[in-house]
$ cat run23.json   # JSON, N, CA and C atoms and all ligand atoms
[["chain", "number", "residue", "atom", "x", "y", "z"],
["A", 1, "MET", "N", 109.82, 95.87, 95.74],
["A", 1, "MET", "CA", 108.44, 96.03, 95.31],
["A", 1, "MET", "C", 107.97, 97.45, 95.60],
["A", 2, "LEU", "N", 107.48, 98.11, 94.62],
["A", 2, "LEU", "CA", 106.99, 99.46, 94.81],
["A", 2, "LEU", "C", 105.48, 99.49, 94.83],
["A", 3, "THR", "N", 104.97, 100.33, 95.67],
["A", 3, "THR", "CA", 103.51, 100.46, 95.74],
["A", 3, "THR", "C", 103.05, 101.54, 94.78],
["A", 4, "ASN", "N", 101.80, 101.59, 94.51],
["A", 4, "ASN", "CA", 101.28, 102.63, 93.65],
["A", 4, "ASN", "C", 100.52, 103.69, 94.45],
["A", 5, "THR", "N", 100.95, 103.87, 95.68],
["A", 5, "THR", "CA", 100.31, 104.89, 96.50],
["A", 5, "THR", "C", 100.88, 106.25, 96.11],
["A", 6, "ASN", "N", 100.30, 107.28, 96.66],
["A", 6, "ASN", "CA", 100.77, 108.63, 96.37],
["A", 6, "ASN", "C", 101.67, 109.16, 97.47],
["A", 7, "LEU", "N", 102.29, 108.26, 98.19],
["A", 7, "LEU", "CA", 103.15, 108.70, 99.27],
["A", 7, "LEU", "C", 104.42, 109.36, 98.72],
["A", 8, "LYS", "N", 104.90, 110.31, 99.46],
["A", 8, "LYS", "CA", 106.12, 110.98, 99.07],
["A", 8, "LYS", "C", 107.00, 111.15, 100.30],
["A", 9, "CYS", "N", 108.27, 110.91, 100.12],
["A", 9, "CYS", "CA", 109.18, 110.98, 101.26],
["A", 9, "CYS", "C", 109.38, 112.43, 101.70],
["A", 10, "PRO", "N", 109.11, 112.74, 102.98],
["A", 10, "PRO", "CA", 109.30, 114.11, 103.46],
["A", 10, "PRO", "C", 110.77, 114.46, 103.65],
["A", 11, "GLU", "N", 111.62, 113.47, 103.67],
["A", 11, "GLU", "CA", 113.05, 113.72, 103.89],
["A", 11, "GLU", "C", 113.76, 114.09, 102.60],
["A", 12, "CYS", "N", 113.55, 113.30, 101.55],
["A", 12, "CYS", "CA", 114.32, 113.53, 100.33],
["A", 12, "CYS", "C", 113.43, 113.81, 99.12],
["A", 13, "GLY", "N", 112.12, 113.72, 99.30],
["A", 13, "GLY", "CA", 111.21, 114.06, 98.20],
["A", 13, "GLY", "C", 110.97, 112.93, 97.22],
["A", 14, "SER", "N", 111.57, 111.78, 97.44],
["A", 14, "SER", "CA", 111.39, 110.66, 96.52],
["A", 14, "SER", "C", 109.97, 110.11, 96.60],
["A", 15, "GLU", "N", 109.48, 109.65, 95.47],
["A", 15, "GLU", "CA", 108.17, 109.00, 95.47],
["A", 15, "GLU", "C", 108.30, 107.50, 95.30],
["A", 16, "LYS", "N", 109.51, 107.00, 95.40],
["A", 16, "LYS", "CA", 109.71, 105.55, 95.32],
["A", 16, "LYS", "C", 109.59, 104.97, 96.71],
["A", 17, "ILE", "N", 108.42, 104.45, 96.98],
["A", 17, "ILE", "CA", 108.14, 103.95, 98.31],
["A", 17, "ILE", "C", 107.98, 102.44, 98.27],
["A", 18, "GLY", "N", 108.78, 101.76, 99.05],
["A", 18, "GLY", "CA", 108.67, 100.30, 99.16],
["A", 18, "GLY", "C", 107.81, 99.93, 100.35],
["A", 19, "LYS", "N", 107.33, 98.71, 100.31],
["A", 19, "LYS", "CA", 106.44, 98.27, 101.36],
["A", 19, "LYS", "C", 107.08, 97.09, 102.06],
["A", 20, "GLY", "N", 107.20, 97.18, 103.36],
["A", 20, "GLY", "CA", 107.77, 96.07, 104.11],
["A", 20, "GLY", "C", 106.80, 95.58, 105.15],
["A", 21, "LYS", "N", 107.08, 94.41, 105.69],
["A", 21, "LYS", "CA", 106.18, 93.87, 106.69],
["A", 21, "LYS", "C", 106.96, 93.44, 107.91],
["A", 22, "LEU", "N", 106.51, 93.89, 109.06],
["A", 22, "LEU", "CA", 107.07, 93.39, 110.30],
["A", 22, "LEU", "C", 106.14, 92.31, 110.82],
["A", 23, "SER", "N", 106.71, 91.18, 111.14],
["A", 23, "SER", "CA", 105.85, 90.13, 111.68],
["A", 23, "SER", "C", 106.65, 89.30, 112.68],
["A", 24, "GLY", "N", 106.08, 88.23, 113.15],
["A", 24, "GLY", "CA", 106.77, 87.41, 114.14],
["A", 24, "GLY", "C", 106.93, 88.16, 115.45],
["A", 25, "TYR", "N", 108.16, 88.30, 115.92],
["A", 25, "TYR", "CA", 108.39, 88.93, 117.22],
["A", 25, "TYR", "C", 108.08, 90.41, 117.20],
["A", 26, "ALA", "N", 108.00, 90.98, 116.01],
["A", 26, "ALA", "CA", 107.67, 92.40, 115.92],
["A", 26, "ALA", "C", 106.17, 92.63, 115.84],
["A", 27, "ASN", "N", 105.41, 91.55, 116.00],
["A", 27, "ASN", "CA", 103.95, 91.70, 115.96],
["A", 27, "ASN", "C", 103.47, 92.75, 116.96],
["A", 28, "LEU", "N", 102.52, 93.50, 116.56],
["A", 28, "LEU", "CA", 101.91, 94.48, 117.44],
["A", 28, "LEU", "C", 100.72, 93.83, 118.13],
["A", 29, "GLN", "N", 100.78, 93.79, 119.46],
["A", 29, "GLN", "CA", 99.73, 93.10, 120.21],
["A", 29, "GLN", "C", 98.82, 94.12, 120.88],
["A", 30, "PRO", "N", 97.54, 93.85, 120.88],
["A", 30, "PRO", "CA", 96.63, 94.73, 121.63],
["A", 30, "PRO", "C", 96.93, 94.63, 123.12],
["A", 31, "VAL", "N", 96.95, 95.75, 123.80],
["A", 31, "VAL", "CA", 97.24, 95.75, 125.23],
["A", 31, "VAL", "C", 96.12, 95.07, 125.99],
["A", 32, "GLY", "N", 96.46, 94.14, 126.87],
["A", 32, "GLY", "CA", 95.47, 93.52, 127.74],
["A", 32, "GLY", "C", 94.70, 92.38, 127.12],
["A", 33, "LYS", "N", 94.98, 92.05, 125.86],
["A", 33, "LYS", "CA", 94.28, 90.93, 125.23],
["A", 33, "LYS", "C", 95.30, 89.82, 124.95],
["A", 34, "PHE", "N", 95.51, 88.99, 125.95],
["A", 34, "PHE", "CA", 96.61, 88.05, 125.89],
["A", 34, "PHE", "C", 96.39, 86.92, 124.89],
["A", 35, "LEU", "N", 95.14, 86.62, 124.61],
["A", 35, "LEU", "CA", 94.88, 85.47, 123.74],
["A", 35, "LEU", "C", 94.73, 85.86, 122.28],
["A", 36, "SER", "N", 94.83, 87.11, 122.02],
["A", 36, "SER", "CA", 94.61, 87.52, 120.64],
["A", 36, "SER", "C", 95.86, 87.29, 119.80],
["A", 37, "MET", "N", 95.69, 87.30, 118.53],
["A", 37, "MET", "CA", 96.77, 86.97, 117.61],
["A", 37, "MET", "C", 97.72, 88.14, 117.38],
["A", 38, "GLY", "N", 97.26, 89.31, 117.59],
["A", 38, "GLY", "CA", 98.08, 90.46, 117.24],
["A", 38, "GLY", "C", 98.03, 90.71, 115.75],
["A", 39, "SER", "N", 98.80, 91.65, 115.33],
["A", 39, "SER", "CA", 98.75, 92.04, 113.93],
["A", 39, "SER", "C", 100.14, 92.30, 113.40],
["A", 40, "GLY", "N", 100.35, 91.93, 112.18],
["A", 40, "GLY", "CA", 101.59, 92.33, 111.53],
["A", 40, "GLY", "C", 101.56, 93.82, 111.26],
["A", 41, "ILE", "N", 102.70, 94.36, 110.95],
["A", 41, "ILE", "CA", 102.78, 95.80, 110.69],
["A", 41, "ILE", "C", 103.32, 96.02, 109.29],
["A", 42, "ILE", "N", 102.59, 96.81, 108.52],
["A", 42, "ILE", "CA", 103.08, 97.18, 107.21],
["A", 42, "ILE", "C", 103.84, 98.50, 107.34],
["A", 43, "ALA", "N", 105.05, 98.53, 106.87],
["A", 43, "ALA", "CA", 105.85, 99.75, 106.92],
["A", 43, "ALA", "C", 106.10, 100.24, 105.49],
["A", 44, "TYR", "N", 105.94, 101.53, 105.31],
["A", 44, "TYR", "CA", 106.20, 102.15, 104.01],
["A", 44, "TYR", "C", 107.53, 102.86, 104.07],
["A", 45, "VAL", "N", 108.46, 102.41, 103.29],
["A", 45, "VAL", "CA", 109.84, 102.87, 103.40],
["A", 45, "VAL", "C", 110.28, 103.54, 102.11],
["A", 46, "CYS", "N", 110.93, 104.69, 102.24],
["A", 46, "CYS", "CA", 111.53, 105.34, 101.09],
["A", 46, "CYS", "C", 112.72, 104.50, 100.63],
["A", 47, "VAL", "N", 112.72, 104.09, 99.38],
["A", 47, "VAL", "CA", 113.80, 103.22, 98.92],
["A", 47, "VAL", "C", 115.06, 104.02, 98.61],
["A", 48, "ASP", "N", 114.97, 105.31, 98.62],
["A", 48, "ASP", "CA", 116.16, 106.12, 98.34],
["A", 48, "ASP", "C", 116.94, 106.48, 99.61],
["A", 49, "CYS", "N", 116.24, 106.83, 100.69],
["A", 49, "CYS", "CA", 116.97, 107.23, 101.89],
["A", 49, "CYS", "C", 116.65, 106.35, 103.10],
["A", 50, "GLY", "N", 115.66, 105.50, 102.99],
["A", 50, "GLY", "CA", 115.36, 104.58, 104.09],
["A", 50, "GLY", "C", 114.41, 105.14, 105.12],
["A", 51, "TYR", "N", 113.93, 106.33, 104.90],
["A", 51, "TYR", "CA", 112.99, 106.93, 105.85],
["A", 51, "TYR", "C", 111.69, 106.12, 105.89],
["A", 52, "ILE", "N", 111.21, 105.84, 107.10],
["A", 52, "ILE", "CA", 109.93, 105.14, 107.22],
["A", 52, "ILE", "C", 108.81, 106.18, 107.28],
["A", 53, "ILE", "N", 108.01, 106.19, 106.24],
["A", 53, "ILE", "CA", 107.00, 107.22, 106.10],
["A", 53, "ILE", "C", 105.79, 106.94, 106.97],
["A", 54, "LYS", "N", 105.38, 105.70, 106.99],
["A", 54, "LYS", "CA", 104.30, 105.37, 107.93],
["A", 54, "LYS", "C", 104.28, 103.90, 108.23],
["A", 55, "MET", "N", 103.67, 103.58, 109.33],
["A", 55, "MET", "CA", 103.46, 102.19, 109.70],
["A", 55, "MET", "C", 101.98, 101.98, 109.90],
["A", 56, "GLN", "N", 101.53, 100.83, 109.46],
["A", 56, "GLN", "CA", 100.10, 100.57, 109.51],
["A", 56, "GLN", "C", 99.87, 99.14, 109.98],
["A", 57, "ALA", "N", 98.96, 98.97, 110.90],
["A", 57, "ALA", "CA", 98.64, 97.62, 111.36],
["A", 57, "ALA", "C", 97.94, 96.85, 110.26],
["A", 58, "GLU", "N", 98.34, 95.62, 110.10],
["A", 58, "GLU", "CA", 97.78, 94.81, 109.03],
["A", 58, "GLU", "C", 96.33, 94.42, 109.33],
["A", 59, "LYS", "N", 96.08, 94.17, 110.61],
["A", 59, "LYS", "CA", 94.72, 93.78, 111.01],
["A", 59, "LYS", "C", 94.21, 94.72, 112.10],
["A", 60, "PRO", "N", 93.80, 95.90, 111.71],
["A", 60, "PRO", "CA", 93.41, 96.90, 112.71],
["A", 60, "PRO", "C", 92.24, 96.47, 113.59],
["A", 61, "HIS", "N", 91.43, 95.54, 113.10],
["A", 61, "HIS", "CA", 90.25, 95.15, 113.87],
["A", 61, "HIS", "C", 90.59, 94.45, 115.17],
["A", 62, "VAL", "N", 91.81, 93.89, 115.28],
["A", 62, "VAL", "CA", 92.14, 93.20, 116.53],
["A", 62, "VAL", "C", 92.31, 94.18, 117.69],
["A", 63, "PHE", "N", 92.41, 95.46, 117.38],
["A", 63, "PHE", "CA", 92.58, 96.44, 118.45],
["A", 63, "PHE", "C", 91.26, 97.04, 118.92],
["A", 64, "LYS", "N", 90.20, 96.62, 118.27],
["A", 64, "LYS", "CA", 88.89, 97.12, 118.67],
["A", 64, "LYS", "C", 88.52, 96.60, 120.05],
["A", 65, "LYS", "N", 87.95, 97.48, 120.82],
["A", 65, "LYS", "CA", 87.46, 97.04, 122.12],
["A", 65, "LYS", "C", 86.04, 96.57, 121.98],
["A", 66, "LYS", "N", 85.74, 95.47, 122.69],
["A", 66, "LYS", "CA", 84.38, 94.96, 122.59],
["A", 66, "LYS", "C", 83.49, 95.60, 123.63],
["A", 101, "ZN", "ZN", 113.58, 109.49, 101.15]]

$ encode --input "run23.json" --output "structure tokens"
Amino acid sequence: MLTNTNLKCPECGSEKIGKGKLSGYANLQPVGKFLSMGSGIIAYVCVDCGYIIKMQAEKPHVFKKK
């Protein structure tokens, strides 16, 4: 699956960027908030060389401090 973002791979220059999701045990958990659900991580991967261009939390609001 290709995204329609304007990302470009800094390694090989490809603009074919796939989107992957880390979830389950790779969930990103807010530090010190044991009862929270955590967030999946969206990774943007160059489909030509495999370089991970960026990672983004799926639910950034769970990291907000109250
Ligand atoms: Zn690349």

$ atom_distance --input "run23.json" --atom1 "CA of Ile53 (chain A)" --atom2 "atom C of Pro30 (chain A)"
23.4 Å

$ residues_near_point --input "run23.json" --point "(114.9, 109.4, 98.3)" --cutoff "5 Å" --atoms "all atoms listed in the file" --output "list in words"
Cys12, Ser14, Asp48 and Cys49 of chain A

$ residues_near_ligand --input "run23.json" --ligand "ligand ZN 101 (chain A)" --cutoff "8 Å" --atoms "only C-alpha atoms and all ligand atoms" --output "compact mmCIF listing (two decimals) with N, CA and C atoms, in the frame of the given file"
# COMPACT_ATOMS: atom_id res chain seq x y z
N LYS A 8 104.90 110.31 99.46
CA LYS A 8 106.12 110.98 99.07
C LYS A 8 107.00 111.15 100.30
N CYS A 9 108.27 110.91 100.12
CA CYS A 9 109.18 110.98 101.26
C CYS A 9 109.38 112.43 101.70
N PRO A 10 109.11 112.74 102.98
CA PRO A 10 109.30 114.11 103.46
C PRO A 10 110.77 114.46 103.65
N GLU A 11 111.62 113.47 103.67
CA GLU A 11 113.05 113.72 103.89
C GLU A 11 113.76 114.09 102.60
N CYS A 12 113.55 113.30 101.55
CA CYS A 12 114.32 113.53 100.33
C CYS A 12 113.43 113.81 99.12
N GLY A 13 112.12 113.72 99.30
CA GLY A 13 111.21 114.06 98.20
C GLY A 13 110.97 112.93 97.22
N SER A 14 111.57 111.78 97.44
CA SER A 14 111.39 110.66 96.52
C SER A 14 109.97 110.11 96.60
N GLU A 15 109.48 109.65 95.47
CA GLU A 15 108.17 109.00 95.47
C GLU A 15 108.30 107.50 95.30
N VAL A 45 108.46 102.41 103.29
CA VAL A 45 109.84 102.87 103.40
C VAL A 45 110.28 103.54 102.11
N CYS A 46 110.93 104.69 102.24
CA CYS A 46 111.53 105.34 101.09
C CYS A 46 112.72 104.50 100.63
N VAL A 47 112.72 104.09 99.38
CA VAL A 47 113.80 103.22 98.92
C VAL A 47 115.06 104.02 98.61
N ASP A 48 114.97 105.31 98.62
CA ASP A 48 116.16 106.12 98.34
C ASP A 48 116.94 106.48 99.61
N CYS A 49 116.24 106.83 100.69
CA CYS A 49 116.97 107.23 101.89
C CYS A 49 116.65 106.35 103.10
N GLY A 50 115.66 105.50 102.99
CA GLY A 50 115.36 104.58 104.09
C GLY A 50 114.41 105.14 105.12
N TYR A 51 113.93 106.33 104.90
CA TYR A 51 112.99 106.93 105.85
C TYR A 51 111.69 106.12 105.89

$ atom_distance --input "run23.json" --atom1 "CA of Gly38 (chain A)" --atom2 "CA of Ile17 (chain A)"
25.3 Å

$ atom_distance --input "run23.json" --atom1 "atom C of Ile52 (chain A)" --atom2 "atom C of Gly40 (chain A)"
14.9 Å

$ select_by_dssp --input "run23.json" --residues "chain A" --states "strand (DSSP E)" --output "VMD selection string"
chain A and resid 17 to 22 41 to 46 52 to 57

$ residues_near_point --input "run23.json" --point "(105.5, 101.3, 106.4)" --cutoff "8 Å" --atoms "only C-alpha atoms" --output "MDAnalysis selection string"
chainID A and resid 18:21 41:45 52:56

$ closest_residue --input "run23.json" --among "A:Leu28, A:Met37, A:Asn6, A:Lys16" --to "Ala57 (chain A)" --atoms "only N, CA and C atoms"
A:Leu28

$ select_by_dssp --input "run23.json" --residues "chain A" --states "helix (DSSP H, G or I)" --output "VMD selection string"
chain A and resid 24 to 26 60 to 63
